[in-house]
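Undergrad: Contents are compact mmCIF, N, CA and C atoms; file name data.txt:
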# COMPACT_ATOMS: atom_id res chain seq x y z
N MET Z 113 -61.56 83.80 55.19
CA MET Z 113 -61.73 82.42 54.85
C MET Z 113 -60.89 82.12 53.61
N ARG Z 114 -60.23 81.00 53.64
CA ARG Z 114 -59.39 80.57 52.51
C ARG Z 114 -60.12 79.56 51.64
N ARG Z 115 -59.94 79.72 50.32
CA ARG Z 115 -60.51 78.78 49.38
C ARG Z 115 -59.46 78.45 48.33
N GLY Z 116 -58.99 77.22 48.32
CA GLY Z 116 -58.06 76.77 47.31
C GLY Z 116 -58.82 76.40 46.05
N CYS Z 117 -58.37 76.88 44.90
CA CYS Z 117 -59.11 76.71 43.65
C CYS Z 117 -58.18 76.28 42.52
N ILE Z 118 -58.79 75.87 41.41
CA ILE Z 118 -58.07 75.57 40.17
C ILE Z 118 -58.70 76.44 39.09
N THR Z 119 -57.86 77.14 38.33
CA THR Z 119 -58.37 78.08 37.32
C THR Z 119 -59.11 77.36 36.21
N GLN Z 120 -60.16 78.01 35.75
CA GLN Z 120 -60.89 77.55 34.57
C GLN Z 120 -60.82 78.60 33.47
N SER Z 121 -60.27 79.75 33.82
CA SER Z 121 -60.02 80.82 32.85
C SER Z 121 -58.85 81.64 33.37
N LEU Z 122 -58.31 82.48 32.55
CA LEU Z 122 -57.17 83.31 32.93
C LEU Z 122 -57.55 84.23 34.08
N LEU Z 123 -56.72 84.25 35.14
CA LEU Z 123 -56.92 85.14 36.29
C LEU Z 123 -55.65 85.95 36.50
N ILE Z 124 -55.78 87.03 37.26
CA ILE Z 124 -54.64 87.88 37.60
C ILE Z 124 -54.48 87.89 39.11
N CYS Z 125 -53.26 87.68 39.59
CA CYS Z 125 -52.96 87.71 41.01
C CYS Z 125 -53.14 89.14 41.53
N SER Z 126 -53.84 89.29 42.63
CA SER Z 126 -54.10 90.61 43.20
C SER Z 126 -52.85 91.26 43.76
N LYS Z 127 -51.85 90.46 44.12
CA LYS Z 127 -50.64 91.02 44.73
C LYS Z 127 -49.57 91.37 43.71
N CYS Z 128 -49.17 90.41 42.89
CA CYS Z 128 -48.06 90.64 41.96
C CYS Z 128 -48.50 91.03 40.56
N GLY Z 129 -49.78 90.83 40.26
CA GLY Z 129 -50.29 91.16 38.93
C GLY Z 129 -49.98 90.13 37.87
N GLY Z 130 -49.40 89.00 38.29
CA GLY Z 130 -49.05 87.94 37.35
C GLY Z 130 -50.27 87.16 36.90
N GLU Z 131 -50.14 86.55 35.73
CA GLU Z 131 -51.23 85.73 35.19
C GLU Z 131 -51.25 84.36 35.85
N ILE Z 132 -52.45 83.89 36.15
CA ILE Z 132 -52.66 82.53 36.65
C ILE Z 132 -53.37 81.81 35.52
N VAL Z 133 -52.62 80.95 34.81
CA VAL Z 133 -53.14 80.32 33.60
C VAL Z 133 -53.85 79.00 33.91
N VAL Z 134 -54.63 78.54 32.96
CA VAL Z 134 -55.38 77.28 33.08
C VAL Z 134 -54.45 76.11 32.85
N PRO Z 135 -54.49 75.01 33.53
CA PRO Z 135 -55.07 74.83 34.84
C PRO Z 135 -54.00 75.04 35.91
N SER Z 136 -54.17 75.97 36.78
CA SER Z 136 -53.23 76.24 37.86
C SER Z 136 -53.99 76.39 39.16
N ARG Z 137 -53.31 76.10 40.24
CA ARG Z 137 -53.91 76.30 41.56
C ARG Z 137 -53.74 77.76 41.96
N TYR Z 138 -54.69 78.26 42.71
CA TYR Z 138 -54.60 79.61 43.28
C TYR Z 138 -55.42 79.65 44.55
N LEU Z 139 -55.31 80.73 45.28
CA LEU Z 139 -55.98 80.87 46.57
C LEU Z 139 -56.82 82.13 46.57
N VAL Z 140 -58.04 82.02 47.09
CA VAL Z 140 -58.89 83.18 47.31
C VAL Z 140 -59.02 83.33 48.82
N VAL Z 141 -58.71 84.54 49.33
CA VAL Z 141 -58.75 84.80 50.77
C VAL Z 141 -59.62 86.03 51.00
N ASP Z 142 -60.48 85.96 52.02
CA ASP Z 142 -61.24 87.13 52.44
C ASP Z 142 -60.37 87.92 53.41
N GLU Z 143 -60.11 89.19 53.07
CA GLU Z 143 -59.25 90.04 53.90
C GLU Z 143 -59.96 91.34 54.24
N ASP Z 144 -59.58 91.92 55.39
CA ASP Z 144 -60.08 93.24 55.75
C ASP Z 144 -59.25 94.30 55.03
N GLU Z 145 -59.53 95.57 55.27
CA GLU Z 145 -58.84 96.65 54.58
C GLU Z 145 -57.35 96.74 54.93
N LYS Z 146 -56.93 96.10 56.01
CA LYS Z 146 -55.51 96.10 56.40
C LYS Z 146 -54.75 94.90 55.85
N GLY Z 147 -55.45 94.01 55.13
CA GLY Z 147 -54.80 92.84 54.55
C GLY Z 147 -54.74 91.64 55.47
N ASN Z 148 -55.55 91.64 56.52
CA ASN Z 148 -55.59 90.51 57.45
C ASN Z 148 -56.74 89.59 57.07
N GLU Z 149 -56.52 88.29 57.20
CA GLU Z 149 -57.55 87.31 56.88
C GLU Z 149 -58.71 87.43 57.85
N VAL Z 150 -59.95 87.40 57.31
CA VAL Z 150 -61.16 87.43 58.12
C VAL Z 150 -62.09 86.31 57.68
N GLU Z 151 -62.95 85.87 58.58
CA GLU Z 151 -63.90 84.80 58.27
C GLU Z 151 -65.09 85.33 57.48
N GLU Z 152 -65.55 86.54 57.79
CA GLU Z 152 -66.72 87.11 57.12
C GLU Z 152 -66.53 88.60 56.90
N GLY Z 153 -67.19 89.10 55.87
CA GLY Z 153 -67.25 90.54 55.67
C GLY Z 153 -66.06 91.18 55.00
N GLY Z 154 -65.09 90.40 54.58
CA GLY Z 154 -63.92 90.97 53.94
C GLY Z 154 -64.03 90.99 52.43
N LYS Z 155 -63.00 91.52 51.81
CA LYS Z 155 -62.91 91.56 50.36
C LYS Z 155 -62.18 90.31 49.89
N SER Z 156 -62.68 89.65 48.84
CA SER Z 156 -62.02 88.46 48.31
C SER Z 156 -60.82 88.87 47.47
N VAL Z 157 -59.65 88.31 47.81
CA VAL Z 157 -58.40 88.62 47.14
C VAL Z 157 -57.84 87.33 46.54
N ILE Z 158 -57.34 87.41 45.30
CA ILE Z 158 -56.79 86.25 44.59
C ILE Z 158 -55.28 86.27 44.69
N TYR Z 159 -54.68 85.12 45.08
CA TYR Z 159 -53.22 85.00 45.19
C TYR Z 159 -52.73 83.82 44.36
N CYS Z 160 -51.67 84.04 43.59
CA CYS Z 160 -50.98 82.93 42.94
C CYS Z 160 -50.25 82.13 44.02
N ILE Z 161 -49.71 81.00 43.66
CA ILE Z 161 -49.03 80.15 44.64
C ILE Z 161 -47.85 80.87 45.29
N ASP Z 162 -47.02 81.54 44.50
CA ASP Z 162 -45.85 82.22 45.05
C ASP Z 162 -46.25 83.30 46.05
N CYS Z 163 -47.26 84.09 45.73
CA CYS Z 163 -47.70 85.15 46.64
C CYS Z 163 -48.38 84.58 47.88
N ALA Z 164 -49.11 83.47 47.73
CA ALA Z 164 -49.74 82.81 48.88
C ALA Z 164 -48.66 82.27 49.83
N LEU Z 165 -47.60 81.70 49.27
CA LEU Z 165 -46.49 81.22 50.10
C LEU Z 165 -45.81 82.39 50.82
N GLU Z 166 -45.56 83.47 50.08
CA GLU Z 166 -44.91 84.65 50.65
C GLU Z 166 -45.74 85.27 51.77
N LYS Z 167 -47.05 85.31 51.60
CA LYS Z 167 -47.95 85.91 52.58
C LYS Z 167 -48.19 84.98 53.77
N GLY Z 168 -47.79 83.71 53.66
CA GLY Z 168 -47.97 82.76 54.75
C GLY Z 168 -49.31 82.03 54.72
N TYR Z 169 -50.06 82.17 53.63
CA TYR Z 169 -51.34 81.50 53.50
C TYR Z 169 -51.20 80.08 52.99
N ALA Z 170 -50.05 79.74 52.45
CA ALA Z 170 -49.80 78.40 51.93
C ALA Z 170 -48.45 77.93 52.45
N HIS Z 171 -48.29 76.63 52.52
CA HIS Z 171 -47.01 76.05 52.92
C HIS Z 171 -46.97 74.60 52.43
N TYR Z 172 -45.77 74.07 52.42
CA TYR Z 172 -45.61 72.68 52.00
C TYR Z 172 -45.62 71.79 53.23
N ARG Z 173 -46.30 70.66 53.11
CA ARG Z 173 -46.34 69.65 54.17
C ARG Z 173 -45.79 68.35 53.60
N GLU Z 174 -45.40 67.48 54.50
CA GLU Z 174 -44.93 66.17 54.09
C GLU Z 174 -45.76 65.11 54.80
N SER Z 175 -46.21 64.13 54.02
CA SER Z 175 -47.01 63.05 54.56
C SER Z 175 -46.71 61.79 53.76
N LYS Z 176 -46.44 60.71 54.46
CA LYS Z 176 -46.16 59.42 53.82
C LYS Z 176 -45.06 59.54 52.78
N GLY Z 177 -44.06 60.35 53.07
CA GLY Z 177 -42.91 60.48 52.20
C GLY Z 177 -43.12 61.38 51.00
N GLU Z 178 -44.29 62.02 50.89
CA GLU Z 178 -44.56 62.92 49.77
C GLU Z 178 -44.74 64.35 50.28
N ARG Z 179 -44.28 65.30 49.48
CA ARG Z 179 -44.41 66.71 49.81
C ARG Z 179 -45.54 67.30 48.99
N PHE Z 180 -46.45 68.03 49.65
CA PHE Z 180 -47.57 68.62 48.92
C PHE Z 180 -47.88 70.01 49.45
N LEU Z 181 -48.51 70.81 48.62
CA LEU Z 181 -48.88 72.18 48.95
C LEU Z 181 -50.20 72.18 49.69
N SER Z 182 -50.26 72.94 50.79
CA SER Z 182 -51.49 73.04 51.56
C SER Z 182 -51.86 74.50 51.78
N PHE Z 183 -53.15 74.79 51.66
CA PHE Z 183 -53.67 76.12 51.98
C PHE Z 183 -54.29 76.15 53.36
N LEU Z 184 -54.33 75.00 54.03
CA LEU Z 184 -54.91 74.95 55.36
C LEU Z 184 -53.98 75.64 56.36
N PRO Z 185 -54.55 76.31 57.37
CA PRO Z 185 -53.70 76.93 58.39
C PRO Z 185 -52.84 75.87 59.08
N ASP Z 186 -51.61 76.23 59.36
CA ASP Z 186 -50.70 75.31 60.03
C ASP Z 186 -51.18 75.08 61.45
N SER Z 187 -51.27 73.85 61.88
CA SER Z 187 -51.82 73.53 63.20
C SER Z 187 -50.73 73.17 64.21
N GLU Z 188 -49.66 73.91 64.22
CA GLU Z 188 -48.57 73.64 65.15
C GLU Z 188 -48.90 74.12 66.53
Step by step, read the file and then write its structure as structure tokens.
TA:
Amino acid sequence: MRRGCITQSLLICSKCGGEIVVPSRYLVVDEDEKGNEVEEGGKSVIYCIDCALEKGYAHYRESKGERFLSFLPDSE
């Protein structure tokens, strides 16, 4: 399960080890031991925006002429 969040304190990205400073967006994903997203029973992993984009959990969408970041699964 994906949860898009905004930091309220300093966090560390689980993938790159980079700092996620206040106030920044980040993603929490429940993953199994192989690193695949699961709905229940997985380990919660924190991703910065760059790592979420790289892993395919985030992408940019365009709506009404504006580009925005989305953590929702792509519905193509």
Undergrad: May I ask which of the residues Z:Arg115, Z:Lys146, Z:Lys127, Z:Lys176 is the closest one to Asp162 of chain Z, counting only C-alpha atoms?
TA: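 Once distances to Asp162 of chain Z are computed over only C-alpha atoms, the minimum belongs to Z:Lys127.
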Undergrad: Can you work out the spacing between atom CA of Cys117 of chain Z and atom CA of Cys163 of chain Z in Å, to one decimal?
TA: 14.5 Å
Undergrad: Pick out the residues sitting within 8 Å of Tyr159 of chain Z, and hand them over as a list of chain:residue names; count only C-alpha atoms, and ignore anything fewer than 5 positions along from it in its own chain.
TA: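 Listing them by chain and then by number gives Z:Cys125, Z:Ser126, Z:Lys127, Z:Tyr138, Z:Leu139, Z:Val140, Z:Val141, Z:Ala164.
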Undergrad: Output N, CA and C atoms of each residue in that selection to a file, as a PDB file, in the coordinates of the input.
TA:
ATOM      1  N   CYS Z 125     -53.260  87.680  39.590  1.00  0.00           N
ATOM      2  CA  CYS Z 125     -52.960  87.710  41.010  1.00  0.00           C
ATOM      3  C   CYS Z 125     -53.140  89.140  41.530  1.00  0.00           C
ATOM      4  N   SER Z 126     -53.840  89.290  42.630  1.00  0.00           N
ATOM      5  CA  SER Z 126     -54.100  90.610  43.200  1.00  0.00           C
ATOM      6  C   SER Z 126     -52.850  91.260  43.760  1.00  0.00           C
ATOM      7  N   LYS Z 127     -51.850  90.460  44.120  1.00  0.00           N
ATOM      8  CA  LYS Z 127     -50.640  91.020  44.730  1.00  0.00           C
ATOM      9  C   LYS Z 127     -49.570  91.370  43.710  1.00  0.00           C
ATOM     10  N   TYR Z 138     -54.690  78.260  42.710  1.00  0.00           N
ATOM     11  CA  TYR Z 138     -54.600  79.610  43.280  1.00  0.00           C
ATOM     12  C   TYR Z 138     -55.420  79.650  44.550  1.00  0.00           C
ATOM     13  N   LEU Z 139     -55.310  80.730  45.280  1.00  0.00           N
ATOM     14  CA  LEU Z 139     -55.980  80.870  46.570  1.00  0.00           C
ATOM     15  C   LEU Z 139     -56.820  82.130  46.570  1.00  0.00           C
ATOM     16  N   VAL Z 140     -58.040  82.020  47.090  1.00  0.00           N
ATOM     17  CA  VAL Z 140     -58.890  83.180  47.310  1.00  0.00           C
ATOM     18  C   VAL Z 140     -59.020  83.330  48.820  1.00  0.00           C
ATOM     19  N   VAL Z 141     -58.710  84.540  49.330  1.00  0.00           N
ATOM     20  CA  VAL Z 141     -58.750  84.800  50.770  1.00  0.00           C
ATOM     21  C   VAL Z 141     -59.620  86.030  51.000  1.00  0.00           C
ATOM     22  N   ALA Z 164     -49.110  83.470  47.730  1.00  0.00           N
ATOM     23  CA  ALA Z 164     -49.740  82.810  48.880  1.00  0.00           C
ATOM     24  C   ALA Z 164     -48.660  82.270  49.830  1.00  0.00           C
TER      25      ALA Z 164
END
Undergrad: Quick one: pick out all alpha helix (DSSP H) residues within segment 136-172 of chain Z from a backbone DSSP run and write them as a list in words.
TA: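 Restricting segment 136-172 of chain Z to alpha helix (DSSP H) produces Ile161, Asp162, Cys163, Ala164, Leu165, Glu166 and Lys167 of chain Z.
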Undergrad: Give me, as an MDAnalysis selection string, all polymer residues having an atom no more than 8 Å from Gly129 of chain Z, counting all atoms listed in the file and skipping those fewer than 5 positions away in the same chain.
TA: chainID Z and resid 123:124 160
Undergrad: Keeping only N, CA and C atoms, write those residues as a PDB file, in the coordinates of the input.
TA:
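result-v9.pdb was written with the following content:
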ATOM      1  N   LEU Z 123     -56.720  84.250  35.140  1.00  0.00           N
ATOM      2  CA  LEU Z 123     -56.920  85.140  36.290  1.00  0.00           C
ATOM      3  C   LEU Z 123     -55.650  85.950  36.500  1.00  0.00           C
ATOM      4  N   ILE Z 124     -55.780  87.030  37.260  1.00  0.00           N
ATOM      5  CA  ILE Z 124     -54.640  87.880  37.600  1.00  0.00           C
ATOM      6  C   ILE Z 124     -54.480  87.890  39.110  1.00  0.00           C
ATOM      7  N   CYS Z 160     -51.670  84.040  43.590  1.00  0.00           N
ATOM      8  CA  CYS Z 160     -50.980  82.930  42.940  1.00  0.00           C
ATOM      9  C   CYS Z 160     -50.250  82.130  44.020  1.00  0.00           C
TER      10      CYS Z 160
END
Undergrad: With the input short on atoms, add N, CA, C and O atoms back to segment 117-135 of chain Z and write it as a PDB file, keeping the file's coordinate frame.
TA:
ATOM      1  N   CYS Z 117     -58.370  76.880  44.900  1.00  0.00           N
ATOM      2  CA  CYS Z 117     -59.110  76.710  43.650  1.00  0.00           C
ATOM      3  C   CYS Z 117     -58.180  76.280  42.520  1.00  0.00           C
ATOM      4  O   CYS Z 117     -56.969  76.380  42.625  1.00  0.00           O
ATOM      5  N   ILE Z 118     -58.790  75.870  41.410  1.00  0.00           N
ATOM      6  CA  ILE Z 118     -58.070  75.570  40.170  1.00  0.00           C
ATOM      7  C   ILE Z 118     -58.700  76.440  39.090  1.00  0.00           C
ATOM      8  O   ILE Z 118     -59.930  76.473  38.936  1.00  0.00           O
ATOM      9  N   THR Z 119     -57.860  77.140  38.330  1.00  0.00           N
ATOM     10  CA  THR Z 119     -58.370  78.080  37.320  1.00  0.00           C
ATOM     11  C   THR Z 119     -59.110  77.360  36.210  1.00  0.00           C
ATOM     12  O   THR Z 119     -58.730  76.275  35.788  1.00  0.00           O
ATOM     13  N   GLN Z 120     -60.160  78.010  35.750  1.00  0.00           N
ATOM     14  CA  GLN Z 120     -60.890  77.550  34.570  1.00  0.00           C
ATOM     15  C   GLN Z 120     -60.820  78.600  33.470  1.00  0.00           C
ATOM     16  O   GLN Z 120     -61.285  78.374  32.357  1.00  0.00           O
ATOM     17  N   SER Z 121     -60.270  79.750  33.820  1.00  0.00           N
ATOM     18  CA  SER Z 121     -60.020  80.820  32.850  1.00  0.00           C
ATOM     19  C   SER Z 121     -58.850  81.640  33.370  1.00  0.00           C
ATOM     20  O   SER Z 121     -58.451  81.496  34.516  1.00  0.00           O
ATOM     21  N   LEU Z 122     -58.310  82.480  32.550  1.00  0.00           N
ATOM     22  CA  LEU Z 122     -57.170  83.310  32.930  1.00  0.00           C
ATOM     23  C   LEU Z 122     -57.550  84.230  34.080  1.00  0.00           C
ATOM     24  O   LEU Z 122     -58.579  84.902  34.042  1.00  0.00           O
ATOM     25  N   LEU Z 123     -56.720  84.250  35.140  1.00  0.00           N
ATOM     26  CA  LEU Z 123     -56.920  85.140  36.290  1.00  0.00           C
ATOM     27  C   LEU Z 123     -55.650  85.950  36.500  1.00  0.00           C
ATOM     28  O   LEU Z 123     -54.578  85.580  36.041  1.00  0.00           O
ATOM     29  N   ILE Z 124     -55.780  87.030  37.260  1.00  0.00           N
ATOM     30  CA  ILE Z 124     -54.640  87.880  37.600  1.00  0.00           C
ATOM     31  C   ILE Z 124     -54.480  87.890  39.110  1.00  0.00           C
ATOM     32  O   ILE Z 124     -55.444  88.094  39.854  1.00  0.00           O
ATOM     33  N   CYS Z 125     -53.260  87.680  39.590  1.00  0.00           N
ATOM     34  CA  CYS Z 125     -52.960  87.710  41.010  1.00  0.00           C
ATOM     35  C   CYS Z 125     -53.140  89.140  41.530  1.00  0.00           C
ATOM     36  O   CYS Z 125     -52.633  90.093  40.928  1.00  0.00           O
ATOM     37  N   SER Z 126     -53.840  89.290  42.630  1.00  0.00           N
ATOM     38  CA  SER Z 126     -54.100  90.610  43.200  1.00  0.00           C
ATOM     39  C   SER Z 126     -52.850  91.260  43.760  1.00  0.00           C
ATOM     40  O   SER Z 126     -52.786  92.481  43.879  1.00  0.00           O
ATOM     41  N   LYS Z 127     -51.850  90.460  44.120  1.00  0.00           N
ATOM     42  CA  LYS Z 127     -50.640  91.020  44.730  1.00  0.00           C
ATOM     43  C   LYS Z 127     -49.570  91.370  43.710  1.00  0.00           C
ATOM     44  O   LYS Z 127     -49.114  92.506  43.642  1.00  0.00           O
ATOM     45  N   CYS Z 128     -49.170  90.410  42.890  1.00  0.00           N
ATOM     46  CA  CYS Z 128     -48.060  90.640  41.960  1.00  0.00           C
ATOM     47  C   CYS Z 128     -48.500  91.030  40.560  1.00  0.00           C
ATOM     48  O   CYS Z 128     -47.694  91.476  39.754  1.00  0.00           O
ATOM     49  N   GLY Z 129     -49.780  90.830  40.260  1.00  0.00           N
ATOM     50  CA  GLY Z 129     -50.290  91.160  38.930  1.00  0.00           C
ATOM     51  C   GLY Z 129     -49.980  90.130  37.870  1.00  0.00           C
ATOM     52  O   GLY Z 129     -50.254  90.332  36.696  1.00  0.00           O
ATOM     53  N   GLY Z 130     -49.400  89.000  38.290  1.00  0.00           N
ATOM     54  CA  GLY Z 130     -49.050  87.940  37.350  1.00  0.00           C
ATOM     55  C   GLY Z 130     -50.270  87.160  36.900  1.00  0.00           C
ATOM     56  O   GLY Z 130     -51.297  87.109  37.583  1.00  0.00           O
ATOM     57  N   GLU Z 131     -50.140  86.550  35.730  1.00  0.00           N
ATOM     58  CA  GLU Z 131     -51.230  85.730  35.190  1.00  0.00           C
ATOM     59  C   GLU Z 131     -51.250  84.360  35.850  1.00  0.00           C
ATOM     60  O   GLU Z 131     -50.212  83.739  36.064  1.00  0.00           O
ATOM     61  N   ILE Z 132     -52.450  83.890  36.150  1.00  0.00           N
ATOM     62  CA  ILE Z 132     -52.660  82.530  36.650  1.00  0.00           C
ATOM     63  C   ILE Z 132     -53.370  81.810  35.520  1.00  0.00           C
ATOM     64  O   ILE Z 132     -54.542  82.036  35.257  1.00  0.00           O
ATOM     65  N   VAL Z 133     -52.620  80.950  34.810  1.00  0.00           N
ATOM     66  CA  VAL Z 133     -53.140  80.320  33.600  1.00  0.00           C
ATOM     67  C   VAL Z 133     -53.850  79.000  33.910  1.00  0.00           C
ATOM     68  O   VAL Z 133     -53.672  78.409  34.968  1.00  0.00           O
ATOM     69  N   VAL Z 134     -54.630  78.540  32.960  1.00  0.00           N
ATOM     70  CA  VAL Z 134     -55.380  77.280  33.080  1.00  0.00           C
ATOM     71  C   VAL Z 134     -54.450  76.110  32.850  1.00  0.00           C
ATOM     72  O   VAL Z 134     -53.662  76.157  31.911  1.00  0.00           O
ATOM     73  N   PRO Z 135     -54.490  75.010  33.530  1.00  0.00           N
ATOM     74  CA  PRO Z 135     -55.070  74.830  34.840  1.00  0.00           C
ATOM     75  C   PRO Z 135     -54.000  75.040  35.910  1.00  0.00           C
ATOM     76  O   PRO Z 135     -52.982  74.358  35.903  1.00  0.00           O
TER      77      PRO Z 135
END
